[in-house]
Amino acid sequence: MKVMKFGGTSVGSADSILSVKNIIEAAQEPVIVVVSALGGITDSLIATSKMAASGNAAYVDAYNEMVRRHVEMGNGIGLESGKQANLMAAVNQLLDELKNIFKGIYLIKDLSTKTSDTIVSYGERLSSIIVANLIEGAVWYDSRTFIKTEKKHSRHILDSDLTTQLVKATFNELPKVALVPGFISSDKNSGEITNLGRGGSDYTASIIAAALQAEVLEIWTDVDGFMTADPRVISSAYVINELSYVEAMELCNFGAKVVYPPTIYPACHNNIPILIKNTFNPDAPGTIIEQEIKEESKAIKGISSINDTSLITVTGLGMVGVIGVNYRIFKALAKNGISVFMVSQASSENSTSIGVRNQDAELACEVLNEEFSKEIEMGEISPVCAEKNLATIAIVGENMKKTPGIAGKLFGTLGRNGISVIACAQGASETNISFVVEEKYLRKSLNVIHDSFFLS
């Protein structure tokens with residue numbers, strides 16, 4: 001048995017959905033198919049709900065456009081008349097529900113988190129029903145009944161143990177093709193609709209694959225696999241044939257959007273290979289992610305980046321030799337649901353710099369200034385502020401730990417090209433060196449590093 005996940009671009013048009021049908025039906029073994037919403041629909045659902053909440057009557061036009069896309073899709077996949085009628089009845093019922101929710105939001109001009117979570121669930125519910133009707137003999141399953149979350153730090157976190165039990169019970173007997181809407185979940189206590197976050201369909205597929213000990217998890221997308229760098233920035237970037245779980249996780253965390261980062265852990269923990277494939281080029285070999293990979297001569301596998309970076313520095317002589325400062329920093333941030341993706345600390349202990357997304361920068365400064373208010377008042381620590389318009393770049397590869405001089409080559413390359421590094425960090429595992437530069441130097445940095453490590 002294997003699990004196959006198809007992203008939004010893979011189900012974005014009638015032609016692409018027919019390609020999905022061919023790929024699924026070519027499988028010899030039973031498959032569980034997880035699908036995302038039609039390409040762009042999740043963004044449209046969010047934007048339309050905000051328009052309705054603001055009292056903008058143009059939400060009706062945005063809603064009608066979503067109706068048009070789904071009706072056009074349902075009519076364009078070539079079902080026989082009886083099946084077509086059943087499909088459109090199911091699609092129209094969901095669209096009518098969605099219309100009533102939007103109207104309610106428009107009338108009361110309020111959009112709660114609960115309502116927003118319900119709205120975005122319609123994307124996957126609609127797309128999965130369309131694909132289920134297209135595949136002969138496919139059985140549709142409601143992921144809300146077996147993907148369960150609990151609320152922690154204002155976020156919905158997967159309840160792994162309960163979900164694993166429910167997945168095993170749900171798929172105790174497998175049909176030839178099981179169809180599952182990705183991304184959607186429900187609260188284990190209240191039963192309210194929740195979700196696994198943007199990109200969560202990958203995570204849904206990985207959770208199911210891990211629970212059922214699948215032979216392989218296939219992620220079907222619109223690229224041939226992981227690449228050495230972003231091909232939109234570097235034309236000479238090429239597909240990476242193999243990655244370890246660690247390398248894939250590092251690349252995902254630093255902006256490689258091929259796979260949603262939480263996807264890696266369930267598969268890694270259960271030693272299930274992940275195969276990245278291109279729906280529009282199914283004959284391409286793709287990228288395989290496994291525990292053990294062949295030895296490679298190159299020290300690094302890929303370069304990734306995060307362009308919306310803010311650097312926040314907690315600094316002051318009052319930090320030197322004081323135990324627990326970093327504990328207070330990360331505790332305050334964690335309590336407010338702020339994720340940190342990079343940490344750099346001076347050996348003198350008088351400063352700690354953290355990298356966060358731009359959207360979290362203001363809140364991070366606020367909570368840290370509150371946490372250290374007494375020290376700031378006494379002049380022991382400087383007021384905390386964010387340095388914005390920055391980018392974080394990471395070079396990744398497990399062979400880095402066997403190769404001396406990687407950091408020297410990296411920073412030498414940047415220095416020769418007039419690029420100043422604002423902060424840097426390397427873990428003891430030596431599989432990642434990450435550093436921060438001004439955002440205006442991002443494209444240049446990526447190009448000179450790629451040339452130095454992959455083309456020289």
# chains A, B, ... in the order shown; residues from 1 in each chain; ligands from 1

call {"tool": "residues_around", "arguments": {"residues": "Ala394 (chain A)", "least_positions_apart": "2", "cutoff": "8 Å", "atoms": "only C-alpha atoms", "output": "number ranges by chain"}}
result
A: 251, 254, 303-305, 392, 396, 432-435

call {"tool": "write_last_selection", "arguments": {"atoms": "N, CA, C and O atoms", "output": "PDB file, in the first residue's frame"}}
result
ATOM      1  N   LEU A 251      16.207  21.941   4.349  1.00  0.00           N
ATOM      2  CA  LEU A 251      15.825  22.722   3.173  1.00  0.00           C
ATOM      3  C   LEU A 251      14.390  23.229   3.284  1.00  0.00           C
ATOM      4  O   LEU A 251      14.094  24.376   2.930  1.00  0.00           O
ATOM      5  N   PHE A 254      14.008  26.186   5.654  1.00  0.00           N
ATOM      6  CA  PHE A 254      14.557  27.433   5.148  1.00  0.00           C
ATOM      7  C   PHE A 254      14.027  27.773   3.764  1.00  0.00           C
ATOM      8  O   PHE A 254      14.767  28.191   2.887  1.00  0.00           O
ATOM      9  N   ILE A 303      20.709  24.942  -1.541  1.00  0.00           N
ATOM     10  CA  ILE A 303      20.681  26.269  -0.932  1.00  0.00           C
ATOM     11  C   ILE A 303      19.222  26.683  -0.830  1.00  0.00           C
ATOM     12  O   ILE A 303      18.453  26.515  -1.786  1.00  0.00           O
ATOM     13  N   SER A 304      18.845  27.212   0.312  1.00  0.00           N
ATOM     14  CA  SER A 304      17.471  27.643   0.506  1.00  0.00           C
ATOM     15  C   SER A 304      17.475  28.987   1.212  1.00  0.00           C
ATOM     16  O   SER A 304      18.490  29.401   1.775  1.00  0.00           O
ATOM     17  N   SER A 305      16.334  29.664   1.192  1.00  0.00           N
ATOM     18  CA  SER A 305      16.319  31.006   1.779  1.00  0.00           C
ATOM     19  C   SER A 305      14.930  31.385   2.279  1.00  0.00           C
ATOM     20  O   SER A 305      13.919  30.826   1.851  1.00  0.00           O
ATOM     21  N   THR A 392      17.325  35.391   5.156  1.00  0.00           N
ATOM     22  CA  THR A 392      18.135  34.314   5.721  1.00  0.00           C
ATOM     23  C   THR A 392      18.418  33.288   4.640  1.00  0.00           C
ATOM     24  O   THR A 392      17.510  32.874   3.909  1.00  0.00           O
ATOM     25  N   VAL A 396      22.923  23.511   2.882  1.00  0.00           N
ATOM     26  CA  VAL A 396      22.563  22.268   3.572  1.00  0.00           C
ATOM     27  C   VAL A 396      23.257  21.081   2.924  1.00  0.00           C
ATOM     28  O   VAL A 396      23.342  20.985   1.694  1.00  0.00           O
ATOM     29  N   ASN A 432      24.048  22.274   8.383  1.00  0.00           N
ATOM     30  CA  ASN A 432      23.436  23.522   7.953  1.00  0.00           C
ATOM     31  C   ASN A 432      24.278  24.696   8.438  1.00  0.00           C
ATOM     32  O   ASN A 432      24.650  24.752   9.611  1.00  0.00           O
ATOM     33  N   ILE A 433      24.594  25.609   7.537  1.00  0.00           N
ATOM     34  CA  ILE A 433      25.134  26.913   7.930  1.00  0.00           C
ATOM     35  C   ILE A 433      24.141  27.944   7.430  1.00  0.00           C
ATOM     36  O   ILE A 433      23.838  28.012   6.241  1.00  0.00           O
ATOM     37  N   SER A 434      23.586  28.720   8.352  1.00  0.00           N
ATOM     38  CA  SER A 434      22.615  29.746   7.970  1.00  0.00           C
ATOM     39  C   SER A 434      23.153  31.118   8.339  1.00  0.00           C
ATOM     40  O   SER A 434      23.887  31.267   9.323  1.00  0.00           O
ATOM     41  N   PHE A 435      22.796  32.104   7.542  1.00  0.00           N
ATOM     42  CA  PHE A 435      23.289  33.454   7.787  1.00  0.00           C
ATOM     43  C   PHE A 435      22.285  34.473   7.271  1.00  0.00           C
ATOM     44  O   PHE A 435      21.430  34.161   6.433  1.00  0.00           O
TER      45      PHE A 435
END

call {"tool": "select_by_dssp", "arguments": {"residues": "region 318-450 of chain A", "states": "strand (DSSP E)", "output": "VMD selection string"}}
result
chain A and resid 342 to 345 351 to 357 386 to 396 423 to 426 432 to 438

call {"tool": "residues_around", "arguments": {"residues": "region 364-377 of chain A", "least_positions_apart": "4", "cutoff": "12 Å", "atoms": "only C-alpha atoms", "output": "PyMOL selection string"}}
result
chain A and resi 310-319+322+325-340+353-360+381-387

call {"tool": "closest_atom_pairs", "arguments": {"of": "region 52-170 of chain A", "to": "region 190-200 of chain A", "cutoff": "8 Å", "atoms": "only C-alpha atoms", "output": "Markdown table"}}
result
| residue | atom | partner | partner_atom | distance |
| --- | --- | --- | --- | --- |
| A:Lys114 | CA | A:Ile193 | CA | 7.3 |
| A:Asp117 | CA | A:Thr194 | CA | 5.6 |
| A:Thr118 | CA | A:Ile193 | CA | 5.8 |
| A:Ser121 | CA | A:Asn195 | CA | 7.6 |
| A:Arg144 | CA | A:Ile193 | CA | 7.1 |
| A:Thr149 | CA | A:Thr194 | CA | 7.4 |
| A:His156 | CA | A:Thr194 | CA | 7.0 |
| A:Ile157 | CA | A:Leu196 | CA | 7.6 |
| A:Leu158 | CA | A:Leu196 | CA | 7.6 |

call {"tool": "write_last_selection", "arguments": {"atoms": "N, CA, C and O atoms", "output": "compact mmCIF listing (two decimals), in the first residue's frame"}}
result
# COMPACT_ATOMS: atom_id res chain seq x y z
N LYS A 114 -13.03 30.21 14.43
CA LYS A 114 -13.83 29.01 14.19
C LYS A 114 -14.49 29.06 12.82
O LYS A 114 -14.47 28.09 12.05
N ASP A 117 -11.83 28.76 9.98
CA ASP A 117 -11.40 27.37 9.81
C ASP A 117 -12.44 26.55 9.04
O ASP A 117 -12.10 25.69 8.23
N THR A 118 -13.70 26.83 9.32
CA THR A 118 -14.78 26.13 8.61
C THR A 118 -14.78 26.50 7.13
O THR A 118 -14.90 25.64 6.25
N SER A 121 -12.05 24.92 4.97
CA SER A 121 -12.20 23.47 4.79
C SER A 121 -12.94 23.12 3.51
O SER A 121 -12.81 22.01 2.98
N ARG A 144 -11.94 14.68 8.80
CA ARG A 144 -12.31 15.27 10.09
C ARG A 144 -12.62 14.21 11.14
O ARG A 144 -12.56 14.49 12.34
N THR A 149 -7.02 17.18 16.49
CA THR A 149 -6.09 18.18 17.05
C THR A 149 -6.54 18.58 18.45
O THR A 149 -7.66 18.30 18.87
N HIS A 156 -3.71 24.91 16.76
CA HIS A 156 -4.22 23.54 16.74
C HIS A 156 -3.07 22.58 16.46
O HIS A 156 -2.46 22.61 15.41
N ILE A 157 -2.77 21.73 17.45
CA ILE A 157 -1.65 20.79 17.37
C ILE A 157 -2.21 19.38 17.23
O ILE A 157 -3.18 18.99 17.89
N LEU A 158 -1.58 18.59 16.37
CA LEU A 158 -2.04 17.22 16.14
C LEU A 158 -1.94 16.38 17.41
O LEU A 158 -0.92 16.41 18.10

call {"tool": "atom_distance", "arguments": {"atom1": "CA of Glu136 (chain A)", "atom2": "CA of Val34 (chain A)"}}
result
16.0 Å

call {"tool": "residues_around", "arguments": {"residues": "Ile274 (chain A)", "least_positions_apart": "2", "cutoff": "8 Å", "atoms": "only C-alpha atoms", "output": "list in words"}}
result
Val216, Leu217, Glu218, Ile219, Ala267, Ile272, Ile276, Ile288, Ile289 and Glu290 of chain A

call {"tool": "residues_around", "arguments": {"residues": "Ile46 (chain A)", "least_positions_apart": "5", "cutoff": "12 Å", "atoms": "only C-alpha atoms", "output": "compact mmCIF listing (two decimals) with C-alpha atoms, in the first residue's frame"}}
result
# COMPACT_ATOMS: atom_id res chain seq x y z
CA GLY A 40 -5.56 29.26 -5.50
CA ILE A 41 -8.90 28.40 -3.88
CA MET A 51 -14.16 41.05 2.24
CA ALA A 52 -17.47 39.88 3.68
CA ALA A 53 -16.38 40.69 7.24
CA TYR A 59 -17.45 39.35 -1.81
CA ALA A 62 -15.40 36.60 -5.52
CA TYR A 63 -17.71 33.81 -4.33
CA MET A 66 -15.15 30.16 -7.03
CA PHE A 102 -20.39 34.26 3.65
CA LEU A 111 -15.13 36.65 11.30
CA THR A 113 -11.27 31.81 13.98
CA THR A 115 -15.74 30.36 11.18
CA SER A 116 -12.54 30.97 9.21
CA ASP A 117 -11.40 27.37 9.81
CA THR A 118 -14.78 26.13 8.61
CA ILE A 119 -14.63 28.26 5.46
CA VAL A 120 -11.17 27.12 4.34
CA SER A 121 -12.20 23.47 4.79
CA TYR A 122 -14.53 23.77 1.81
CA GLY A 123 -11.60 23.91 -0.62
CA ARG A 198 -1.09 26.01 5.11

call {"tool": "atom_distance", "arguments": {"atom1": "CA of Gly225 (chain A)", "atom2": "CA of Ser44 (chain A)"}}
result
26.9 Å

call {"tool": "residues_around", "arguments": {"residues": "Val223 (chain A)", "least_positions_apart": "5", "cutoff": "12 Å", "atoms": "only C-alpha atoms", "output": "list in words"}}
result
Gly7, Thr9, Ser10, Asp230, Pro231, Arg232, Tyr238, Val239, Ile240, Ala256, Lys257, Val258, Val259, Ile276, Lys277, Asn278, Thr279, Phe280, Asn281, Pro282, Ala284, Pro285, Gly286 and Thr287 of chain A

call {"tool": "select_by_dssp", "arguments": {"residues": "region 173-256 of chain A", "states": "helix (DSSP H, G or I)", "output": "list in words"}}
result
Gly200, Ser201, Asp202, Tyr203, Thr204, Ala205, Ser206, Ile207, Ile208, Ala209, Ala210, Ala211, Leu212, Tyr245, Val246, Glu247, Ala248, Met249, Glu250, Leu251, Cys252 and Asn253 of chain A

call {"tool": "atom_distance", "arguments": {"atom1": "CA of Arg443 (chain A)", "atom2": "CA of Leu414 (chain A)"}}
result
12.1 Å

call {"tool": "closest_residue", "arguments": {"among": "A:Asp187, A:Thr170, A:Ala391, A:Ser344", "to": "Ile208 (chain A)", "atoms": "only C-alpha atoms"}}
result
A:Thr170
